[in-house]
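Engineer: Data: upload28.txt, compact mmCIF, C-alpha atoms and all ligand atoms.
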# COMPACT_ATOMS: atom_id res chain seq x y z
CA MET K 16 0.00 0.00 0.00
CA ASN K 17 1.26 3.44 -0.88
CA PHE K 18 1.02 5.53 2.28
CA SER K 19 1.42 8.77 0.46
CA THR K 20 -2.01 8.26 -1.23
CA VAL K 21 -3.78 7.32 2.01
CA ASN K 22 -2.32 10.20 3.92
CA LYS K 23 -3.84 12.79 1.69
CA LYS K 24 -6.49 15.07 3.26
CA ASN K 25 -9.22 13.77 0.99
CA VAL K 26 -10.09 10.83 -1.20
CA ARG K 27 -11.47 11.52 -4.66
CA GLY K 28 -12.40 14.99 -3.58
CA ILE K 29 -14.37 13.93 -0.45
CA PRO K 30 -12.80 15.31 2.74
CA LEU K 31 -11.58 12.60 5.17
CA PRO K 32 -13.75 13.77 8.13
CA VAL K 33 -16.84 13.27 5.94
CA ILE K 34 -15.73 9.75 5.00
CA ALA K 35 -15.05 8.95 8.67
CA PHE K 36 -18.53 10.20 9.57
CA ILE K 37 -20.19 8.02 6.92
CA ILE K 38 -18.27 4.95 8.14
CA LEU K 39 -19.29 5.67 11.74
CA LEU K 40 -22.92 6.06 10.72
CA PHE K 41 -22.79 2.73 8.89
CA VAL K 42 -21.29 0.92 11.89
CA GLN K 43 -23.86 2.41 14.28
CA CYS K 44 -26.78 1.45 12.09
CA THR K 45 -25.68 -2.14 11.48
CA PRO K 46 -27.54 -4.41 13.92
CA LYS K 47 -25.22 -6.16 16.36
CA HIS K 48 -27.07 -9.38 15.65
CA GLN K 49 -30.13 -9.93 13.63
CA VAL K 50 -33.18 -11.59 15.11
CA ALA K 51 -33.47 -15.05 13.66
CA SER K 52 -36.30 -17.47 13.82
CA SER K 53 -35.68 -21.04 14.83
CA SER K 54 -37.46 -22.02 11.65
CA GLN K 55 -34.46 -20.63 9.75
CA THR K 56 -32.72 -23.90 10.27
CA GLY K 57 -29.40 -24.68 8.70
CA THR K 58 -27.87 -21.30 9.42
CA ILE K 59 -26.82 -19.68 12.62
CA ALA K 60 -27.87 -16.08 12.19
CA GLY K 61 -26.34 -13.16 14.04
CA HIS K 62 -22.69 -12.38 14.43
CA PRO K 63 -20.93 -15.40 12.92
CA ASP K 64 -18.29 -15.66 15.63
CA LYS K 65 -20.31 -14.84 18.69
CA GLY K 66 -21.93 -17.22 21.14
CA LEU K 67 -23.81 -16.65 24.39
CA LYS K 68 -20.50 -16.48 26.26
CA ASP K 69 -19.38 -13.59 24.06
CA TYR K 70 -22.60 -11.60 24.39
CA TYR K 71 -22.23 -12.02 28.17
CA LYS K 72 -18.47 -11.55 28.45
CA ASN K 73 -18.91 -8.39 30.50
CA TYR K 74 -21.42 -10.05 32.80
CA PHE K 75 -20.80 -13.66 33.85
CA PRO K 76 -19.73 -17.02 32.41
CA ILE K 77 -22.52 -18.92 30.66
CA GLY K 78 -22.52 -22.63 31.31
CA VAL K 79 -24.26 -25.85 30.31
CA ALA K 80 -24.76 -29.27 31.89
CA VAL K 81 -23.08 -32.01 29.89
CA SER K 82 -23.15 -35.77 29.58
CA MET K 83 -20.60 -37.99 27.84
CA ALA K 84 -22.68 -37.83 24.67
CA SER K 85 -22.31 -34.05 24.56
CA LEU K 86 -18.55 -34.27 24.21
CA HIS K 87 -18.74 -35.51 20.63
CA GLY K 88 -20.42 -34.48 17.40
CA PRO K 89 -22.79 -31.57 16.96
CA ASP K 90 -23.43 -30.97 20.68
CA SER K 91 -19.75 -30.46 21.33
CA ALA K 92 -19.44 -27.92 18.50
CA LEU K 93 -22.37 -26.00 19.92
CA ILE K 94 -20.93 -26.12 23.45
CA ILE K 95 -17.56 -24.80 22.30
CA LYS K 96 -19.19 -21.97 20.37
CA GLU K 97 -21.76 -20.86 22.92
CA PHE K 98 -20.53 -21.67 26.44
CA ASN K 99 -17.51 -21.00 28.65
CA SER K 100 -18.47 -23.11 31.64
CA ILE K 101 -19.68 -26.70 31.96
CA THR K 102 -21.18 -28.82 34.72
CA PRO K 103 -21.22 -32.62 34.54
CA GLU K 104 -24.95 -33.46 34.60
CA ASN K 105 -24.42 -36.76 36.43
CA ASP K 106 -20.86 -38.00 36.19
CA MET K 107 -19.48 -36.56 39.42
CA LYS K 108 -22.37 -37.53 41.66
CA MET K 109 -21.47 -39.74 44.60
CA GLY K 110 -23.42 -42.82 43.55
CA LEU K 111 -21.83 -42.82 40.10
CA ILE K 112 -18.28 -41.84 40.88
CA HIS K 113 -17.92 -43.75 44.16
CA PRO K 114 -20.31 -46.73 44.01
CA SER K 115 -18.58 -48.70 46.76
CA GLU K 116 -16.04 -47.90 49.41
CA SER K 117 -12.92 -48.85 47.49
CA ILE K 118 -14.14 -48.15 43.94
CA TYR K 119 -14.02 -44.83 42.15
CA HIS K 120 -15.19 -44.53 38.54
CA TRP K 121 -13.10 -41.65 37.27
CA ALA K 122 -13.25 -42.26 33.53
CA ASN K 123 -16.26 -40.09 32.61
CA ALA K 124 -15.45 -37.24 34.96
CA ASP K 125 -11.85 -37.21 33.72
CA LYS K 126 -13.03 -37.00 30.12
CA ILE K 127 -15.29 -34.06 30.90
CA VAL K 128 -12.48 -32.27 32.72
CA ASP K 129 -10.07 -32.91 29.82
CA PHE K 130 -12.63 -31.69 27.28
CA ALA K 131 -13.12 -28.47 29.24
CA ALA K 132 -9.40 -27.90 29.72
CA SER K 133 -8.65 -28.42 26.03
CA HIS K 134 -11.24 -25.78 25.09
CA HIS K 135 -10.49 -23.29 27.90
CA ILE K 136 -13.90 -23.88 29.45
CA LYS K 137 -14.42 -23.48 33.20
CA ILE K 138 -15.85 -26.37 35.21
CA ARG K 139 -18.42 -26.36 37.98
CA GLY K 140 -18.32 -29.53 40.05
CA HIS K 141 -21.68 -31.12 40.83
CA ASN K 142 -21.94 -32.33 43.57
CA LEU K 143 -20.24 -33.57 46.72
CA CYS K 144 -23.18 -34.39 49.00
CA TRP K 145 -26.82 -35.08 48.04
CA HIS K 146 -29.70 -37.25 49.23
CA ASN K 147 -30.34 -38.41 45.65
CA GLN K 148 -28.05 -40.50 43.44
CA GLU K 149 -26.31 -41.21 46.71
CA ALA K 150 -23.84 -44.01 47.40
CA ALA K 151 -26.03 -46.40 49.41
CA TRP K 152 -23.02 -48.18 50.92
CA MET K 153 -22.09 -45.01 52.84
CA PHE K 154 -25.04 -45.37 55.18
CA LYS K 155 -24.49 -49.01 56.12
CA GLY K 156 -22.01 -50.85 58.32
CA PRO K 157 -20.47 -54.26 57.47
CA ASN K 158 -23.61 -56.14 58.61
CA GLY K 159 -26.08 -53.82 56.99
CA GLU K 160 -26.66 -51.87 60.19
CA PRO K 161 -26.92 -48.04 60.02
CA VAL K 162 -23.53 -46.37 60.40
CA THR K 163 -22.74 -44.02 63.23
CA LYS K 164 -22.53 -40.29 62.65
CA GLU K 165 -18.75 -40.42 63.15
CA LEU K 166 -18.24 -43.10 60.52
CA LEU K 167 -20.58 -41.37 58.07
CA LEU K 168 -18.70 -38.08 58.40
CA LYS K 169 -15.38 -39.87 58.00
CA ARG K 170 -16.66 -41.47 54.79
CA LEU K 171 -17.94 -38.12 53.58
CA LYS K 172 -14.55 -36.58 54.27
CA ASP K 173 -12.70 -39.36 52.43
CA HIS K 174 -15.06 -38.95 49.49
CA ILE K 175 -14.66 -35.20 49.30
CA PHE K 176 -10.90 -35.39 49.67
CA ALA K 177 -10.73 -37.97 46.88
CA VAL K 178 -12.99 -36.14 44.41
CA ALA K 179 -12.27 -32.47 45.11
CA GLY K 180 -8.61 -33.43 45.63
CA ARG K 181 -8.34 -35.16 42.25
CA TYR K 182 -9.67 -32.09 40.41
CA LYS K 183 -7.98 -29.51 42.61
CA GLY K 184 -7.17 -26.41 40.60
CA LYS K 185 -9.31 -27.62 37.67
CA ILE K 186 -12.79 -27.18 39.09
CA TYR K 187 -13.35 -23.56 39.94
CA ALA K 188 -16.64 -23.94 41.84
CA TRP K 189 -18.30 -26.85 43.63
CA ASP K 190 -21.89 -27.52 44.56
CA VAL K 191 -20.83 -28.85 47.92
CA VAL K 192 -24.24 -29.70 49.35
CA ASN K 193 -27.29 -30.12 47.17
CA GLU K 194 -30.96 -29.75 48.18
CA ALA K 195 -30.65 -30.19 51.95
CA VAL K 196 -33.63 -27.94 52.70
CA ASP K 197 -37.14 -29.27 53.28
CA ASP K 198 -39.85 -28.65 50.65
CA SER K 199 -42.95 -28.50 52.83
CA ASN K 200 -44.80 -25.39 53.92
CA ASP K 201 -44.02 -26.18 57.54
CA THR K 202 -41.76 -23.28 58.41
CA THR K 203 -40.41 -25.02 61.50
CA GLN K 204 -38.95 -27.85 59.44
CA VAL K 205 -35.89 -26.30 57.83
CA TYR K 206 -33.92 -29.38 56.84
CA ARG K 207 -34.79 -32.28 54.59
CA LYS K 208 -35.07 -35.55 56.50
CA SER K 209 -32.50 -37.35 54.39
CA ASN K 210 -30.21 -40.24 55.34
CA TRP K 211 -27.54 -37.62 55.98
CA TYR K 212 -29.77 -35.67 58.34
CA ASN K 213 -31.20 -38.71 60.10
CA ILE K 214 -27.90 -40.44 60.75
CA CYS K 215 -26.21 -37.21 61.88
CA ASN K 216 -29.27 -36.41 63.94
CA GLY K 217 -29.26 -32.89 62.54
CA PRO K 218 -27.62 -30.73 59.88
CA ASP K 219 -23.95 -31.05 60.97
CA PHE K 220 -23.07 -32.85 57.76
CA ILE K 221 -23.64 -29.61 55.82
CA ALA K 222 -21.01 -27.56 57.63
CA ALA K 223 -18.70 -30.59 57.67
CA ALA K 224 -18.96 -31.01 53.89
CA PHE K 225 -18.00 -27.37 53.31
CA ARG K 226 -15.04 -27.63 55.67
CA TYR K 227 -13.77 -30.80 54.00
CA ALA K 228 -14.18 -29.26 50.54
CA HIS K 229 -12.28 -26.16 51.57
CA GLU K 230 -9.48 -28.27 53.01
CA ALA K 231 -9.34 -30.43 49.89
CA ASP K 232 -9.22 -27.47 47.49
CA PRO K 233 -8.78 -24.10 49.21
CA GLN K 234 -9.06 -22.15 45.93
CA ALA K 235 -12.39 -23.61 44.80
CA LYS K 236 -15.51 -21.50 45.31
CA LEU K 237 -18.03 -23.37 47.41
CA TYR K 238 -21.80 -23.25 46.84
CA TYR K 239 -24.95 -24.49 48.53
CA ASN K 240 -27.30 -25.51 45.68
CA ASP K 241 -31.10 -25.81 45.75
CA TYR K 242 -34.31 -25.45 43.70
CA ASN K 243 -37.44 -23.35 44.28
CA SER K 244 -35.18 -20.91 46.08
CA GLU K 245 -37.44 -18.01 45.04
CA HIS K 246 -40.59 -19.50 46.64
CA PRO K 247 -41.18 -17.50 49.83
CA VAL K 248 -41.33 -20.37 52.34
CA LYS K 249 -38.34 -22.23 50.94
CA ARG K 250 -36.46 -18.98 50.44
CA GLU K 251 -36.71 -18.26 54.17
CA LYS K 252 -35.54 -21.76 55.06
CA ILE K 253 -32.54 -21.47 52.76
CA TYR K 254 -31.80 -18.07 54.28
CA LYS K 255 -31.82 -19.59 57.78
CA LEU K 256 -29.42 -22.31 56.71
CA LEU K 257 -27.04 -19.83 55.06
CA LYS K 258 -27.12 -17.43 57.97
CA LYS K 259 -26.26 -20.22 60.38
CA LEU K 260 -23.37 -21.38 58.19
CA ILE K 261 -22.00 -17.86 58.06
CA GLU K 262 -22.38 -17.38 61.84
CA ASP K 263 -20.51 -20.64 62.35
CA ARG K 264 -17.73 -19.39 60.06
CA VAL K 265 -18.21 -22.18 57.57
CA PRO K 266 -16.29 -21.55 54.32
CA ILE K 267 -19.11 -20.86 51.87
CA ASP K 268 -18.88 -18.48 48.90
CA GLY K 269 -22.38 -18.51 47.56
CA VAL K 270 -25.70 -20.01 46.67
CA GLY K 271 -26.64 -21.99 43.63
CA MET K 272 -30.18 -21.16 42.63
CA GLN K 273 -31.02 -24.04 40.33
CA ALA K 274 -33.59 -22.10 38.31
CA HIS K 275 -35.79 -24.95 37.06
CA TRP K 276 -38.45 -22.45 36.18
CA LYS K 277 -41.83 -22.16 34.49
CA LEU K 278 -43.60 -19.62 32.29
CA ASN K 279 -44.95 -17.73 35.29
CA ASP K 280 -42.50 -18.81 37.95
CA PRO K 281 -40.66 -16.99 39.39
CA SER K 282 -42.24 -13.54 39.20
CA PRO K 283 -39.78 -10.64 38.83
CA ASP K 284 -40.48 -9.66 42.43
CA GLU K 285 -39.79 -13.11 43.77
CA LEU K 286 -36.55 -13.33 41.82
CA ARG K 287 -35.36 -9.94 43.04
CA LYS K 288 -36.30 -10.76 46.64
CA ALA K 289 -34.36 -14.01 46.55
CA LEU K 290 -31.32 -12.22 45.12
CA ASP K 291 -31.54 -9.37 47.61
CA GLU K 292 -31.82 -11.69 50.56
CA VAL K 293 -28.90 -13.93 49.67
CA THR K 294 -26.60 -11.12 48.62
CA SER K 295 -27.39 -9.21 51.84
CA LEU K 296 -25.46 -12.00 53.54
CA GLY K 297 -22.40 -11.17 51.44
CA LEU K 298 -22.80 -14.29 49.30
CA LYS K 299 -22.45 -14.63 45.54
CA VAL K 300 -25.11 -16.28 43.39
CA GLN K 301 -24.85 -18.75 40.53
CA PHE K 302 -27.89 -19.84 38.55
CA THR K 303 -26.80 -23.42 38.25
CA GLU K 304 -29.47 -25.41 36.36
CA LEU K 305 -31.51 -22.98 34.31
CA ASP K 306 -34.39 -24.15 32.14
CA ILE K 307 -37.90 -22.80 31.60
CA THR K 308 -40.42 -25.51 30.81
CA VAL K 309 -43.38 -24.59 28.58
CA ARG K 310 -45.52 -27.29 30.16
CA LEU K 311 -48.38 -25.79 32.09
CA PRO K 312 -49.01 -26.71 35.71
CA GLN K 313 -51.75 -29.31 36.03
CA SER K 314 -53.20 -31.24 38.88
CA THR K 315 -51.36 -34.51 39.44
CA PRO K 316 -52.58 -37.05 36.84
CA SER K 317 -53.69 -40.50 37.89
CA PRO K 318 -51.00 -43.12 37.29
CA GLY K 319 -50.70 -44.20 33.67
CA THR K 320 -52.76 -41.32 32.24
CA THR K 321 -51.53 -38.37 30.23
CA PRO K 322 -51.93 -35.13 32.18
CA GLN K 323 -54.53 -32.84 30.64
CA GLY K 324 -53.07 -30.00 28.67
CA ALA K 325 -49.66 -31.61 28.63
CA GLY K 326 -47.61 -32.20 25.50
CA GLN K 327 -49.30 -29.58 23.37
CA GLY K 328 -46.00 -28.93 21.65
CA TYR K 329 -44.22 -25.65 21.25
CA THR K 330 -47.16 -23.49 20.22
CA PRO K 331 -46.69 -19.81 19.24
CA GLU K 332 -48.45 -18.80 22.46
CA LEU K 333 -46.17 -20.89 24.65
CA GLU K 334 -43.16 -19.66 22.69
CA ALA K 335 -44.17 -16.02 23.27
CA ARG K 336 -44.56 -16.64 26.99
CA GLN K 337 -41.22 -18.43 27.18
CA ILE K 338 -39.51 -15.58 25.33
CA ALA K 339 -40.99 -13.07 27.78
CA GLN K 340 -39.92 -15.12 30.81
CA TYR K 341 -36.37 -15.63 29.48
CA LYS K 342 -36.09 -11.93 28.70
CA MET K 343 -37.34 -10.95 32.13
CA VAL K 344 -34.96 -13.19 34.05
CA PHE K 345 -31.91 -12.21 32.00
CA ASP K 346 -32.78 -8.51 32.36
CA ILE K 347 -32.66 -9.06 36.12
CA PHE K 348 -29.47 -11.16 35.93
CA ARG K 349 -27.71 -8.30 34.17
CA GLN K 350 -28.92 -5.82 36.77
CA TYR K 351 -27.37 -8.03 39.47
CA LYS K 352 -24.15 -8.76 37.60
CA LYS K 353 -22.09 -7.62 40.56
CA PHE K 354 -23.32 -10.63 42.54
CA ILE K 355 -23.87 -13.24 39.85
CA THR K 356 -20.83 -15.33 39.00
CA ASN K 357 -22.31 -17.92 36.62
CA VAL K 358 -25.50 -18.75 34.72
CA THR K 359 -25.68 -22.39 33.61
CA PHE K 360 -28.33 -24.11 31.48
CA TRP K 361 -29.37 -27.63 32.40
CA ASN K 362 -28.81 -29.53 29.12
CA VAL K 363 -27.78 -28.32 25.71
CA SER K 364 -30.86 -28.15 23.47
CA ASP K 365 -34.55 -29.11 23.31
CA ARG K 366 -33.44 -32.30 21.56
CA TYR K 367 -32.93 -33.70 25.06
CA SER K 368 -33.91 -32.31 28.44
CA TRP K 369 -34.10 -34.20 31.73
CA LEU K 370 -37.62 -32.72 31.99
CA ASP K 371 -38.89 -34.63 28.96
CA GLY K 372 -38.91 -37.86 30.93
CA ARG K 373 -40.89 -36.36 33.77
CA GLY K 374 -44.36 -36.80 32.34
CA GLY K 375 -46.19 -36.27 35.59
CA GLY K 376 -43.69 -33.82 36.97
CA LEU K 377 -45.66 -30.85 35.77
CA MET K 378 -45.96 -29.55 39.26
CA GLY K 379 -42.40 -29.33 39.77
CA GLY K 380 -39.13 -29.71 37.95
CA ALA K 381 -36.60 -30.90 40.41
CA ALA K 382 -39.25 -31.59 43.03
CA ALA K 383 -40.70 -34.41 40.95
CA GLY K 384 -40.06 -37.61 42.83
CA SER K 385 -38.66 -40.93 41.69
CA ASN K 386 -42.18 -42.37 41.45
CA THR K 387 -43.09 -39.72 38.89
CA SER K 388 -44.20 -41.16 35.55
CA ARG K 389 -41.46 -41.39 32.96
CA GLN K 390 -43.67 -40.79 29.93
CA ILE K 391 -42.00 -38.48 27.39
CA ILE K 392 -43.74 -35.12 27.22
CA LYS K 393 -41.48 -32.51 25.72
CA ALA K 394 -40.78 -29.43 27.81
CA TYR K 395 -38.87 -27.31 25.21
CA PRO K 396 -37.08 -25.53 28.06
CA LEU K 397 -33.81 -24.34 26.48
CA LEU K 398 -32.48 -21.71 24.07
CA PHE K 399 -31.66 -24.15 21.25
CA ASP K 400 -34.32 -26.14 19.41
CA GLU K 401 -34.41 -29.84 18.60
CA ASN K 402 -32.16 -29.18 15.59
CA ARG K 403 -29.75 -27.31 17.87
CA GLN K 404 -30.66 -24.02 16.22
CA ARG K 405 -31.01 -20.80 18.18
CA LYS K 406 -34.64 -20.20 19.18
CA ASN K 407 -36.28 -16.79 19.27
CA ALA K 408 -35.89 -17.05 23.04
CA TYR K 409 -32.11 -17.00 22.42
CA TRP K 410 -32.34 -13.61 20.76
CA SER K 411 -34.49 -12.29 23.59
CA VAL K 412 -31.57 -12.78 25.99
CA VAL K 413 -28.78 -11.49 23.75
CA ASN K 414 -30.57 -8.46 22.30
CA PHE K 415 -29.95 -5.92 25.00
O1 LIG V 1 -30.36 -34.10 34.98
C1 LIG V 1 -30.17 -35.10 35.94
C2 LIG V 1 -30.84 -36.38 35.46
O2 LIG V 1 -30.18 -36.88 34.33
C3 LIG V 1 -30.84 -37.41 36.59
O3 LIG V 1 -31.60 -38.54 36.19
C4 LIG V 1 -31.46 -36.79 37.83
C5 LIG V 1 -31.48 -37.76 38.99
O4 LIG V 1 -32.15 -37.21 40.07
O5 LIG V 1 -30.70 -35.65 38.20
C6 LIG V 1 -30.78 -34.65 37.25
O6 LIG V 1 -30.11 -33.50 37.69
C7 LIG V 1 -30.59 -32.91 38.90
C8 LIG V 1 -29.43 -32.20 39.53
O7 LIG V 1 -28.37 -33.08 39.71
C9 LIG V 1 -29.83 -31.55 40.84
N1 LIG V 1 -30.97 -30.69 40.69
C10 LIG V 1 -32.11 -31.26 40.01
C11 LIG V 1 -31.67 -31.83 38.66
C12 LIG V 1 -32.86 -32.34 37.90
O8 LIG V 1 -33.48 -33.38 38.61
If you convert what's in this file into structure tokens, what do you get?
Structural biologist:
Amino acid sequence: MNFSTVNKKNVRGIPLPVIAFIILLFVQCTPKHQVASSSQTGTIAGHPDKGLKDYYKNYFPIGVAVSMASLHGPDSALIIKEFNSITPENDMKMGLIHPSESIYHWANADKIVDFAASHHIKIRGHNLCWHNQEAAWMFKGPNGEPVTKELLLKRLKDHIFAVAGRYKGKIYAWDVVNEAVDDSNDTTQVYRKSNWYNICNGPDFIAAAFRYAHEADPQAKLYYNDYNSEHPVKREKIYKLLKKLIEDRVPIDGVGMQAHWKLNDPSPDELRKALDEVTSLGLKVQFTELDITVRLPQSTPSPGTTPQGAGQGYTPELEARQIAQYKMVFDIFRQYKKFITNVTFWNVSDRYSWLDGRGGGLMGGAAAGSNTSRQIIKAYPLLFDENRQRKNAYWSVVNF
């Protein structure tokens, strides 16, 4: 290039300031990303190089729950493009990774950690102590008798040291204790009556788990993780638990609000209240398992029957309501960016969601029990459709 021609004060008679102004005007008027419809399959519209993680780079990491299947093929390409944090959906849970006292199944968890490391993706560990997908052997002595509290806590410590120790420095945040708060409306019953609670005769296992995790990996951020954390009664119970942990100087960094939500749940007020309350304690928040089902709440169906109103598909009306709910919650997330350190979706696309197998679980995402019917009724809860294309709901969270 000949610099002497470029350096002239005008080009073809048009003064340089005028040219600069026209370029500026053009850049300003070009949409950052165009709104695409999920029916425009085959192309990913918008900025060709940007994914959710890029739109949110000044806010918080955007994560996704992964299984082994997601590490290959089209899911993995989508994950690498859109997300900068991952959570193993199942592969680090106690029952899977530590099925008997002397056996650890590391293979899947290792693969997930390697995948993340090779793509510079952060990892949230999920989870170190839960009443579900638990390791049944932990609760029993050699003759099948219930273990003592001391032995149970020793086993919990060994487990946490083994798992958090193995991934020390690689997992940046752990869900240390999952869902230890009671679901009923009885405000006096704060804790879930789990095996952990019953054998310890109280909630000591919660503080113990945090202390062990901190000892095993002092750099990891430690979270208490639960669902329905915006519902007033449960919110207060979670608050009590957190306050007590803080008073007892337990090493806890924040709260995971799972965010298995519905079209009208939570309301903006409920979401703000939950955030205000938790952050008033000096804790950070991660939305750890976000999805918004389009299935409408119904009364519990009788066994073997299809719930009325369920499985109506992804109608334009449901889509519009989902878009509005996604937009509302992300608007609030951005307002609270100072406190929010991660937003993670639970599964990659509407092709597969854990909710699809919860036919009767219309009343409640994570609250649906193991006796819930397993009939497939699609929930369409994510930002990518069954062909892994960006839905209109996607654009409602990145157009801001
Ligand atoms: O998505 C998980 C699903 O594959 C498992 O079958 C299920 C077992 O309970 O756990 C699901 O993940 C749960 C998460 O670990 C904790 N919060 C509720 C999630 C949905 O049930």
Engineer: Counting all atoms listed in the file, name the residues that have an atom within 9 Å of an atom of ligand LIG 1 (chain V); the answer should be given as number ranges by chain.
Structural biologist: K: 80, 82, 103-105, 108, 141-142, 145, 147-148, 193-194, 240-242, 273, 275, 303-304, 361-362, 368-370, 380-385
Engineer: Measure the distance from CA of Gly110 (chain K) to CA of Lys164 (chain K) in Å and round it to one decimal.
Structural biologist: 19.3 Å
Engineer: Report the distance between CA of Gly372 (chain K) and CA of Lys137 (chain K) in Å, rounded to one decimal place.
Structural biologist: 28.5 Å
Engineer: When you look at region 154-159 of chain K with a cut-off of 9 Å (counting all atoms listed in the file), what residues show up, excluding the ones that are within fewer than 5 positions of it in the same chain? I need them as a ChimeraX atom specification.
Structural biologist: /K:166-167,210-211,214
Engineer: Quick one: write out the picked residues with C-alpha atoms as an mmCIF file, keeping the file's coordinate frame?
Structural biologist:
data_model
loop_
_atom_site.group_PDB
_atom_site.id
_atom_site.type_symbol
_atom_site.label_atom_id
_atom_site.label_comp_id
_atom_site.auth_asym_id
_atom_site.auth_seq_id
_atom_site.Cartn_x
_atom_site.Cartn_y
_atom_site.Cartn_z
ATOM 1 C CA LEU K 166 -18.240 -43.100 60.520
ATOM 2 C CA LEU K 167 -20.580 -41.370 58.070
ATOM 3 C CA ASN K 210 -30.210 -40.240 55.340
ATOM 4 C CA TRP K 211 -27.540 -37.620 55.980
ATOM 5 C CA ILE K 214 -27.900 -40.440 60.750
#
Engineer: Which residues are near Ile101 (chain K)? Cut-off 9 Å, all atoms listed in the file, ignore same chain within fewer than 5 positions. Put them as a list of chain:residue names.
Structural biologist: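 My list of contacting residues is K:Ile77, K:Gly78, K:Val79, K:Ala80, K:Val81, K:Ile94, K:Ile127, K:Ala131, K:Ile136, K:Lys137, K:Ile138, K:Arg139, K:Gly140, K:Thr359.
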Engineer: Please provide as a ChimeraX atom specification all residues within 12 Å of Gly180 (chain K), with the sequence filter that same-chain residues fewer than 2 positions apart are discarded (counting only C-alpha atoms).
Structural biologist: /K:140,143,172-178,182-186,189,227-235
Engineer: Emit the selected residues as a compact mmCIF listing (two decimals), in the coordinates of the input, including C-alpha atoms.
Structural biologist:
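Output file result_21.txt follows:
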# COMPACT_ATOMS: atom_id res chain seq x y z
CA GLY K 140 -18.32 -29.53 40.05
CA LEU K 143 -20.24 -33.57 46.72
CA LYS K 172 -14.55 -36.58 54.27
CA ASP K 173 -12.70 -39.36 52.43
CA HIS K 174 -15.06 -38.95 49.49
CA ILE K 175 -14.66 -35.20 49.30
CA PHE K 176 -10.90 -35.39 49.67
CA ALA K 177 -10.73 -37.97 46.88
CA VAL K 178 -12.99 -36.14 44.41
CA TYR K 182 -9.67 -32.09 40.41
CA LYS K 183 -7.98 -29.51 42.61
CA GLY K 184 -7.17 -26.41 40.60
CA LYS K 185 -9.31 -27.62 37.67
CA ILE K 186 -12.79 -27.18 39.09
CA TRP K 189 -18.30 -26.85 43.63
CA TYR K 227 -13.77 -30.80 54.00
CA ALA K 228 -14.18 -29.26 50.54
CA HIS K 229 -12.28 -26.16 51.57
CA GLU K 230 -9.48 -28.27 53.01
CA ALA K 231 -9.34 -30.43 49.89
CA ASP K 232 -9.22 -27.47 47.49
CA PRO K 233 -8.78 -24.10 49.21
CA GLN K 234 -9.06 -22.15 45.93
CA ALA K 235 -12.39 -23.61 44.80
Engineer: Using only C-alpha atoms and a cutoff of 12 Å, can you tell me which residues are near (-21.8, -28.5, 15.5) in the file's coordinates, and write them out as a list in words?
Structural biologist: Gly57, Thr58, Ile59, Ser85, Leu86, His87, Gly88, Pro89, Asp90, Ser91, Ala92, Leu93, Ile94, Ile95, Lys96, Glu97, Val363, Asn402, Arg403 and Gln404 of chain K
Engineer: Quick one: pull the distance between CA of Lys393 (chain K) and CA of Ala339 (chain K), Å, one decimal.
Structural biologist: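 Answer for the CA of Lys393 (chain K) to CA of Ala339 (chain K) separation: 19.6 Å.
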Engineer: Could you give me, as a PDB file with C-alpha atoms, keeping the file's coordinate frame, the residues within 10 Å of Tyr71 (chain K), counting only C-alpha atoms and dropping anything in the same chain fewer than 2 positions from it?
Structural biologist:
ATOM      1  CA  GLY K  66     -21.930 -17.220  21.140  1.00  0.00           C
ATOM      2  CA  LEU K  67     -23.810 -16.650  24.390  1.00  0.00           C
ATOM      3  CA  LYS K  68     -20.500 -16.480  26.260  1.00  0.00           C
ATOM      4  CA  ASP K  69     -19.380 -13.590  24.060  1.00  0.00           C
ATOM      5  CA  ASN K  73     -18.910  -8.390  30.500  1.00  0.00           C
ATOM      6  CA  TYR K  74     -21.420 -10.050  32.800  1.00  0.00           C
ATOM      7  CA  PHE K  75     -20.800 -13.660  33.850  1.00  0.00           C
ATOM      8  CA  PRO K  76     -19.730 -17.020  32.410  1.00  0.00           C
ATOM      9  CA  ILE K  77     -22.520 -18.920  30.660  1.00  0.00           C
ATOM     10  CA  PHE K  98     -20.530 -21.670  26.440  1.00  0.00           C
ATOM     11  CA  ARG K 349     -27.710  -8.300  34.170  1.00  0.00           C
ATOM     12  CA  VAL K 358     -25.500 -18.750  34.720  1.00  0.00           C
ATOM     13  CA  VAL K 412     -31.570 -12.780  25.990  1.00  0.00           C
ATOM     14  CA  VAL K 413     -28.780 -11.490  23.750  1.00  0.00           C
TER      15      VAL K 413
END
